[in-house]
$ cat start.cif   # mmCIF, C-alpha atoms
data_target
#
loop_
_atom_site.group_PDB
_atom_site.id
_atom_site.type_symbol
_atom_site.label_atom_id
_atom_site.label_comp_id
_atom_site.auth_asym_id
_atom_site.auth_seq_id
_atom_site.Cartn_x
_atom_site.Cartn_y
_atom_site.Cartn_z
ATOM 1 C CA GLY A 1 -93.845 130.619 -104.817
ATOM 2 C CA GLU A 2 -93.223 127.438 -102.882
ATOM 3 C CA SER A 3 -89.614 126.568 -102.213
ATOM 4 C CA VAL A 4 -88.192 123.373 -103.640
ATOM 5 C CA GLY A 5 -86.627 120.988 -101.174
ATOM 6 C CA LEU A 6 -82.949 120.390 -101.539
ATOM 7 C CA HIS A 7 -81.488 116.928 -101.875
ATOM 8 C CA LEU A 8 -79.303 116.012 -98.935
ATOM 9 C CA PRO A 9 -75.863 114.556 -99.565
ATOM 10 C CA THR A 10 -76.232 110.791 -99.332
ATOM 11 C CA LEU A 11 -73.805 108.161 -98.142
ATOM 12 C CA SER A 12 -74.627 104.558 -99.011
ATOM 13 C CA VAL A 13 -72.773 101.784 -97.209
ATOM 14 C CA GLN A 14 -73.064 98.041 -96.955
ATOM 15 C CA GLU A 15 -74.182 96.573 -93.672
ATOM 16 C CA GLY A 16 -71.130 95.761 -91.576
ATOM 17 C CA ASP A 17 -68.892 98.330 -93.243
ATOM 18 C CA ASN A 18 -67.613 101.446 -91.487
ATOM 19 C CA SER A 19 -69.222 104.806 -92.287
ATOM 20 C CA ILE A 20 -67.547 108.194 -92.261
ATOM 21 C CA ILE A 21 -69.696 111.311 -92.344
ATOM 22 C CA ASN A 22 -67.985 114.652 -92.764
ATOM 23 C CA CYS A 23 -68.864 118.176 -91.744
ATOM 24 C CA ALA A 24 -67.183 121.521 -92.321
ATOM 25 C CA TYR A 25 -67.904 124.159 -89.701
ATOM 26 C CA SER A 26 -67.670 127.885 -90.119
ATOM 27 C CA ASN A 27 -66.727 129.551 -86.860
ATOM 28 C CA SER A 28 -63.106 129.212 -85.735
ATOM 29 C CA ALA A 29 -64.203 130.371 -82.258
ATOM 30 C CA SER A 30 -66.588 127.440 -81.784
ATOM 31 C CA ASP A 31 -65.627 125.492 -78.694
ATOM 32 C CA TYR A 32 -68.081 122.608 -78.712
ATOM 33 C CA PHE A 33 -69.380 120.293 -81.397
ATOM 34 C CA ILE A 34 -72.132 117.722 -81.472
ATOM 35 C CA TRP A 35 -73.395 115.037 -83.793
ATOM 36 C CA TYR A 36 -77.119 114.304 -83.954
ATOM 37 C CA LYS A 37 -79.014 111.483 -85.611
ATOM 38 C CA GLN A 38 -82.495 112.142 -87.007
ATOM 39 C CA GLU A 39 -84.773 109.356 -88.151
ATOM 40 C CA SER A 40 -87.625 110.153 -90.504
ATOM 41 C CA GLY A 41 -90.427 112.088 -88.818
ATOM 42 C CA LYS A 42 -88.634 112.277 -85.480
ATOM 43 C CA GLY A 43 -86.602 114.811 -83.533
ATOM 44 C CA PRO A 44 -82.790 114.716 -83.571
ATOM 45 C CA GLN A 45 -81.090 112.499 -81.012
ATOM 46 C CA PHE A 46 -77.712 113.231 -79.436
ATOM 47 C CA ILE A 47 -74.958 110.840 -80.542
ATOM 48 C CA ILE A 48 -71.642 112.210 -79.348
ATOM 49 C CA ASP A 49 -69.963 115.514 -78.569
ATOM 50 C CA ILE A 50 -66.442 116.908 -78.441
ATOM 51 C CA ARG A 51 -64.858 120.035 -77.035
ATOM 52 C CA SER A 52 -62.346 122.078 -78.971
ATOM 53 C CA ASN A 53 -59.476 121.057 -76.675
ATOM 54 C CA MET A 54 -59.770 117.477 -77.950
ATOM 55 C CA ASP A 55 -59.007 115.893 -81.333
ATOM 56 C CA LYS A 56 -60.857 112.629 -80.900
ATOM 57 C CA ARG A 57 -63.560 111.130 -78.761
ATOM 58 C CA GLN A 58 -64.969 107.645 -78.820
ATOM 59 C CA GLY A 59 -68.342 106.294 -77.885
ATOM 60 C CA GLN A 60 -70.079 103.025 -78.468
ATOM 61 C CA ARG A 61 -69.412 102.202 -82.156
ATOM 62 C CA VAL A 62 -68.941 105.902 -82.904
ATOM 63 C CA THR A 63 -65.887 108.136 -83.018
ATOM 64 C CA VAL A 64 -65.779 111.874 -83.602
ATOM 65 C CA LEU A 65 -62.642 113.504 -85.006
ATOM 66 C CA LEU A 66 -62.006 117.234 -84.874
ATOM 67 C CA ASN A 67 -59.477 119.037 -87.070
ATOM 68 C CA LYS A 68 -59.453 122.663 -85.996
ATOM 69 C CA THR A 69 -56.797 123.616 -88.542
ATOM 70 C CA VAL A 70 -59.183 123.046 -91.440
ATOM 71 C CA LYS A 71 -62.402 123.403 -89.428
ATOM 72 C CA HIS A 72 -63.504 119.863 -90.138
ATOM 73 C CA LEU A 73 -65.472 117.391 -88.081
ATOM 74 C CA SER A 74 -66.153 113.754 -88.879
ATOM 75 C CA LEU A 75 -68.295 110.995 -87.452
ATOM 76 C CA GLN A 76 -67.168 107.419 -87.853
ATOM 77 C CA ILE A 77 -69.637 104.603 -87.314
ATOM 78 C CA ALA A 78 -68.155 101.136 -86.959
ATOM 79 C CA ALA A 79 -69.903 98.048 -88.304
ATOM 80 C CA THR A 80 -72.847 100.030 -89.691
ATOM 81 C CA GLN A 81 -76.242 98.468 -89.067
ATOM 82 C CA PRO A 82 -79.637 98.981 -90.756
ATOM 83 C CA GLY A 83 -80.791 100.884 -87.680
ATOM 84 C CA ASP A 84 -78.114 103.475 -88.378
ATOM 85 C CA SER A 85 -80.010 104.650 -91.475
ATOM 86 C CA ALA A 86 -80.934 108.264 -90.764
ATOM 87 C CA VAL A 87 -79.896 111.846 -91.390
ATOM 88 C CA TYR A 88 -76.842 112.924 -89.416
ATOM 89 C CA PHE A 89 -76.260 116.575 -88.454
ATOM 90 C CA CYS A 90 -73.241 118.234 -86.992
ATOM 91 C CA ALA A 91 -73.685 121.306 -84.818
ATOM 92 C CA GLU A 92 -71.273 123.870 -83.434
ATOM 93 C CA ASN A 93 -71.536 126.210 -80.499
ATOM 94 C CA GLY A 94 -69.931 129.430 -81.641
ATOM 95 C CA VAL A 95 -69.942 131.476 -78.482
ATOM 96 C CA THR A 96 -70.842 134.930 -79.757
ATOM 97 C CA GLY A 97 -71.984 136.575 -76.566
ATOM 98 C CA GLY A 98 -75.612 135.745 -77.143
ATOM 99 C CA GLY A 99 -75.694 132.716 -74.917
ATOM 100 C CA ASN A 100 -75.754 129.107 -75.967
ATOM 101 C CA LYS A 101 -76.881 128.804 -79.563
ATOM 102 C CA LEU A 102 -76.047 125.863 -81.759
ATOM 103 C CA THR A 103 -75.609 126.256 -85.511
ATOM 104 C CA PHE A 104 -76.571 123.143 -87.456
ATOM 105 C CA GLY A 105 -75.180 121.778 -90.677
ATOM 106 C CA THR A 106 -77.455 120.725 -93.542
ATOM 107 C CA GLY A 107 -77.124 117.023 -92.767
ATOM 108 C CA THR A 108 -76.072 113.843 -94.540
ATOM 109 C CA GLN A 109 -78.434 110.982 -95.336
ATOM 110 C CA LEU A 110 -76.903 107.622 -94.408
ATOM 111 C CA LYS A 111 -78.396 104.622 -96.208
ATOM 112 C CA VAL A 112 -77.393 101.156 -95.114
ATOM 113 C CA GLU A 113 -77.727 98.487 -97.786
ATOM 114 C CA LEU A 114 -78.287 94.895 -96.807
ATOM 115 C CA ASP B 1 -89.212 110.085 -67.523
ATOM 116 C CA GLY B 2 -87.891 113.564 -68.205
ATOM 117 C CA GLY B 3 -88.148 114.980 -71.659
ATOM 118 C CA ILE B 4 -89.735 117.422 -74.065
ATOM 119 C CA THR B 5 -93.267 116.957 -75.297
ATOM 120 C CA GLN B 6 -94.506 118.600 -78.468
ATOM 121 C CA SER B 7 -98.129 118.577 -79.487
ATOM 122 C CA PRO B 8 -99.868 117.984 -81.695
ATOM 123 C CA LYS B 9 -97.788 115.649 -83.857
ATOM 124 C CA TYR B 10 -99.680 116.745 -86.987
ATOM 125 C CA LEU B 11 -101.450 120.064 -87.505
ATOM 126 C CA PHE B 12 -103.387 121.444 -90.430
ATOM 127 C CA ARG B 13 -103.905 125.153 -90.922
ATOM 128 C CA LYS B 14 -106.205 126.991 -93.246
ATOM 129 C CA GLU B 15 -105.010 130.055 -95.099
ATOM 130 C CA GLY B 16 -105.148 133.158 -92.892
ATOM 131 C CA GLN B 17 -105.434 131.214 -89.654
ATOM 132 C CA ASN B 18 -103.173 131.448 -86.621
ATOM 133 C CA VAL B 19 -102.126 128.187 -84.975
ATOM 134 C CA THR B 20 -100.198 127.477 -81.784
ATOM 135 C CA LEU B 21 -97.722 124.641 -81.325
ATOM 136 C CA SER B 22 -97.156 123.395 -77.807
ATOM 137 C CA CYS B 23 -93.781 122.586 -76.236
ATOM 138 C CA GLU B 24 -93.465 121.437 -72.618
ATOM 139 C CA GLN B 25 -90.354 120.200 -70.815
ATOM 140 C CA ASN B 26 -89.891 118.657 -67.376
ATOM 141 C CA LEU B 27 -86.093 118.699 -67.474
ATOM 142 C CA ASN B 28 -85.815 121.944 -65.496
ATOM 143 C CA HIS B 29 -83.850 123.410 -68.393
ATOM 144 C CA ASP B 30 -83.419 127.160 -68.522
ATOM 145 C CA ALA B 31 -83.222 127.622 -72.287
ATOM 146 C CA MET B 32 -85.762 126.617 -74.918
ATOM 147 C CA TYR B 33 -85.637 126.934 -78.678
ATOM 148 C CA TRP B 34 -87.868 126.617 -81.740
ATOM 149 C CA TYR B 35 -86.501 125.419 -85.065
ATOM 150 C CA ARG B 36 -88.058 124.992 -88.464
ATOM 151 C CA GLN B 37 -86.979 122.172 -90.764
ATOM 152 C CA ASP B 38 -87.854 122.014 -94.457
ATOM 153 C CA PRO B 39 -87.363 118.901 -96.615
ATOM 154 C CA GLY B 40 -83.702 118.252 -97.322
ATOM 155 C CA GLN B 41 -82.576 121.216 -95.261
ATOM 156 C CA GLY B 42 -81.001 121.857 -91.898
ATOM 157 C CA LEU B 43 -82.537 123.415 -88.828
ATOM 158 C CA ARG B 44 -83.266 127.124 -88.850
ATOM 159 C CA LEU B 45 -83.727 128.988 -85.576
ATOM 160 C CA ILE B 46 -87.035 130.829 -85.138
ATOM 161 C CA TYR B 47 -86.981 132.019 -81.527
ATOM 162 C CA TYR B 48 -85.196 131.141 -78.313
ATOM 163 C CA SER B 49 -85.556 131.934 -74.637
ATOM 164 C CA GLN B 50 -82.999 131.654 -71.878
ATOM 165 C CA ILE B 51 -85.153 132.822 -69.001
ATOM 166 C CA VAL B 52 -88.819 133.176 -68.142
ATOM 167 C CA ASN B 53 -90.514 136.250 -69.617
ATOM 168 C CA ASP B 54 -87.665 136.876 -72.030
ATOM 169 C CA PHE B 55 -87.016 135.650 -75.567
ATOM 170 C CA GLN B 56 -84.999 136.602 -78.632
ATOM 171 C CA LYS B 57 -85.562 136.366 -82.357
ATOM 172 C CA GLY B 58 -83.651 133.807 -84.309
ATOM 173 C CA ASP B 59 -82.803 133.853 -87.987
ATOM 174 C CA ILE B 60 -86.348 133.462 -89.345
ATOM 175 C CA ALA B 61 -88.676 135.021 -86.751
ATOM 176 C CA GLU B 62 -90.954 136.874 -89.189
ATOM 177 C CA GLY B 63 -94.502 135.539 -89.056
ATOM 178 C CA TYR B 64 -93.993 133.758 -85.736
ATOM 179 C CA SER B 65 -94.521 134.693 -82.094
ATOM 180 C CA VAL B 66 -93.668 133.038 -78.780
ATOM 181 C CA SER B 67 -94.190 133.443 -75.050
ATOM 182 C CA ARG B 68 -92.321 132.136 -72.018
ATOM 183 C CA GLU B 69 -94.610 132.618 -69.040
ATOM 184 C CA LYS B 70 -93.410 129.455 -67.339
ATOM 185 C CA LYS B 71 -90.024 127.762 -67.324
ATOM 186 C CA GLU B 72 -91.581 124.522 -68.544
ATOM 187 C CA SER B 73 -93.493 125.925 -71.498
ATOM 188 C CA PHE B 74 -92.534 127.697 -74.728
ATOM 189 C CA PRO B 75 -95.477 127.770 -77.176
ATOM 190 C CA LEU B 76 -94.975 128.919 -80.761
ATOM 191 C CA THR B 77 -97.718 130.698 -82.692
ATOM 192 C CA VAL B 78 -97.562 130.587 -86.467
ATOM 193 C CA THR B 79 -99.431 133.664 -87.618
ATOM 194 C CA SER B 80 -101.165 134.417 -90.897
ATOM 195 C CA ALA B 81 -98.193 136.651 -91.724
ATOM 196 C CA GLN B 82 -96.043 133.549 -92.247
ATOM 197 C CA LYS B 83 -96.495 132.979 -95.974
ATOM 198 C CA ASN B 84 -95.020 129.519 -96.217
ATOM 199 C CA PRO B 85 -95.645 127.768 -92.902
ATOM 200 C CA THR B 86 -95.708 124.173 -94.119
ATOM 201 C CA ALA B 87 -92.726 122.559 -92.381
ATOM 202 C CA PHE B 88 -91.582 120.319 -89.537
ATOM 203 C CA TYR B 89 -91.206 122.275 -86.290
ATOM 204 C CA LEU B 90 -88.823 121.189 -83.563
ATOM 205 C CA CYS B 91 -88.602 122.409 -79.998
ATOM 206 C CA ALA B 92 -85.434 121.945 -77.940
ATOM 207 C CA SER B 93 -84.129 122.764 -74.483
ATOM 208 C CA ASN B 94 -80.773 123.164 -72.782
ATOM 209 C CA PRO B 95 -79.781 123.483 -69.109
ATOM 210 C CA LEU B 96 -77.251 126.299 -69.706
ATOM 211 C CA ASP B 97 -74.804 124.805 -67.243
ATOM 212 C CA SER B 98 -71.356 123.260 -67.420
ATOM 213 C CA THR B 99 -72.650 119.851 -68.503
ATOM 214 C CA GLY B 100 -72.428 120.864 -72.109
ATOM 215 C CA TYR B 101 -74.209 122.747 -74.791
ATOM 216 C CA GLY B 102 -76.170 119.906 -76.289
ATOM 217 C CA TYR B 103 -79.867 120.298 -76.852
ATOM 218 C CA THR B 104 -82.621 117.840 -76.048
ATOM 219 C CA PHE B 105 -85.217 117.809 -78.811
ATOM 220 C CA GLY B 106 -88.898 117.039 -78.871
ATOM 221 C CA SER B 107 -90.418 114.702 -81.440
ATOM 222 C CA GLY B 108 -91.647 117.529 -83.644
ATOM 223 C CA THR B 109 -94.893 118.897 -85.068
ATOM 224 C CA ARG B 110 -95.599 118.672 -88.781
ATOM 225 C CA LEU B 111 -97.648 121.666 -89.894
ATOM 226 C CA THR B 112 -99.445 121.635 -93.238
ATOM 227 C CA VAL B 113 -101.401 124.453 -94.846
ATOM 228 C CA VAL B 114 -104.595 123.247 -96.509
#
$ encode --input "start.cif" --output "structure tokens"
Amino acid sequence: GESVGLHLPTLSVQEGDNSIINCAYSNSASDYFIWYKQESGKGPQFIIDIRSNMDKRQGQRVTVLLNKTVKHLSLQIAATQPGDSAVYFCAENGVTGGGNKLTFGTGTQLKVEL
Amino acid sequence: DGGITQSPKYLFRKEGQNVTLSCEQNLNHDAMYWYRQDPGQGLRLIYYSQIVNDFQKGDIAEGYSVSREKKESFPLTVTSAQKNPTAFYLCASNPLDSTGYGYTFGSGTRLTVV
């Protein structure tokens, strides 16, 4: 039969507030992590990346934090705007000998309330 | 401008029909990938190719076929053997160099069985 779509985890924030989106990754050997933003009906867009030898990296209004001890990644968005409403995916590059292959998380829906 | 072009944006398939989704890139990237995305779910890898005339199965290759005759092109055929093809299909590419492991995505093709 036809599969039923799953409901994505949703984070609702007020415009102007900070957003924190979390991601747990699976492979302790992963050496590179990326956050993507996907708007409805469009392809994912690169936001920010971080290598495993770093704990924190900042971009414009975004910060990625990496905690390798607990295999946790987070994306912080400062002063969230309506245009930030989208699904956010984390991805990890677990180098397994098969070349560059990213593994993607399920995603989190960010809704910005006016 | 360099990028990845997927066509068509919307595609309708009748039961038992094969259809081919186009993916072209002018980024001179070595690797190309096909992902399937279902509502509320993450990206699942169908096939990938790291060099011309070579490709590997991903996690859900059954019912799909690909070719890589040119570096710029990586078409995906959804065959009649794919029992539930309705989904959003994303093509991506990567340069496979030291600049990072991030993918560049196309804008997607939404395939619907009618």
$ residues_around --input "start.cif" --residues "A:Tyr36" --least-positions-apart "5" --cutoff "8 Å" --atoms "all atoms listed in the file" --output "list in words"
Pro44, Gln45, Phe46, Ile47, Ile48, Tyr88, Phe89, Cys90 and Ala91 of chain A
$ write_last_selection --input "start.cif" --atoms "C-alpha atoms" --output "compact mmCIF listing (two decimals), in the frame of the given file"
# COMPACT_ATOMS: atom_id res chain seq x y z
CA PRO A 44 -82.79 114.72 -83.57
CA GLN A 45 -81.09 112.50 -81.01
CA PHE A 46 -77.71 113.23 -79.44
CA ILE A 47 -74.96 110.84 -80.54
CA ILE A 48 -71.64 112.21 -79.35
CA TYR A 88 -76.84 112.92 -89.42
CA PHE A 89 -76.26 116.58 -88.45
CA CYS A 90 -73.24 118.23 -86.99
CA ALA A 91 -73.68 121.31 -84.82
$ resolve_selection --input "start.cif" --expression "the PyMOL selection byres ((chain B and resi 36) around 9)" --output "PyMOL selection string"
chain B and resi 34-35+37-38+42-46+60+87-91
$ resolve_selection --input "start.cif" --expression "the PyMOL selection byres ((chain A and resi 13-22) around 7)" --output "PyMOL selection string"
chain A and resi 11-12+23-24+73-82+111-114
$ atom_distance --input "start.cif" --atom1 "atom CA of B:Asp59" --atom2 "atom CA of B:Thr20"
19.5 Å
$ interface_residues --input "start.cif" --of "chain B" --to "chain A" --cutoff "6 Å" --atoms "only C-alpha atoms" --output "list of chain:residue names"
B:Pro39, B:Gly40, B:Gln41, B:Gly42, B:Phe105, B:Gly106, B:Ser107, B:Gly108
$ atom_distance --input "start.cif" --atom1 "atom CA of A:Glu39" --atom2 "atom CA of A:Ser85"
7.5 Å
$ atom_distance --input "start.cif" --atom1 "atom CA of B:Ile4" --atom2 "atom CA of A:Asn27"
29.0 Å
$ resolve_selection --input "start.cif" --expression "the PyMOL selection byres ((chain B and resi 114) around 9)" --output "MDAnalysis selection string"
chainID B and resid 12:15 112:113
$ closest_residue --input "start.cif" --among "B:Leu11, B:Ala81, B:Leu76, B:Leu111" --to "B:Met32" --atoms "only C-alpha atoms"
B:Leu76
$ closest_residue --input "start.cif" --among "B:Arg110, B:Lys9, B:Lys71, B:Lys57" --to "B:His29" --atoms "all atoms listed in the file"
B:Lys71
$ residues_around --input "start.cif" --residues "A:Lys68" --least-positions-apart "4" --cutoff "10 Å" --atoms "all atoms listed in the file" --output "JSON, numbers by chain"
{"A": [25, 28, 29, 30, 31, 52, 53, 54, 55, 72, 73]}
$ write_last_selection --input "start.cif" --atoms "C-alpha atoms" --output "PDB file, keeping the file's coordinate frame"
ATOM      1  CA  TYR A  25     -67.904 124.159 -89.701  1.00  0.00           C
ATOM      2  CA  SER A  28     -63.106 129.212 -85.735  1.00  0.00           C
ATOM      3  CA  ALA A  29     -64.203 130.371 -82.258  1.00  0.00           C
ATOM      4  CA  SER A  30     -66.588 127.440 -81.784  1.00  0.00           C
ATOM      5  CA  ASP A  31     -65.627 125.492 -78.694  1.00  0.00           C
ATOM      6  CA  SER A  52     -62.346 122.078 -78.971  1.00  0.00           C
ATOM      7  CA  ASN A  53     -59.476 121.057 -76.675  1.00  0.00           C
ATOM      8  CA  MET A  54     -59.770 117.477 -77.950  1.00  0.00           C
ATOM      9  CA  ASP A  55     -59.007 115.893 -81.333  1.00  0.00           C
ATOM     10  CA  HIS A  72     -63.504 119.863 -90.138  1.00  0.00           C
ATOM     11  CA  LEU A  73     -65.472 117.391 -88.081  1.00  0.00           C
TER      12      LEU A  73
END
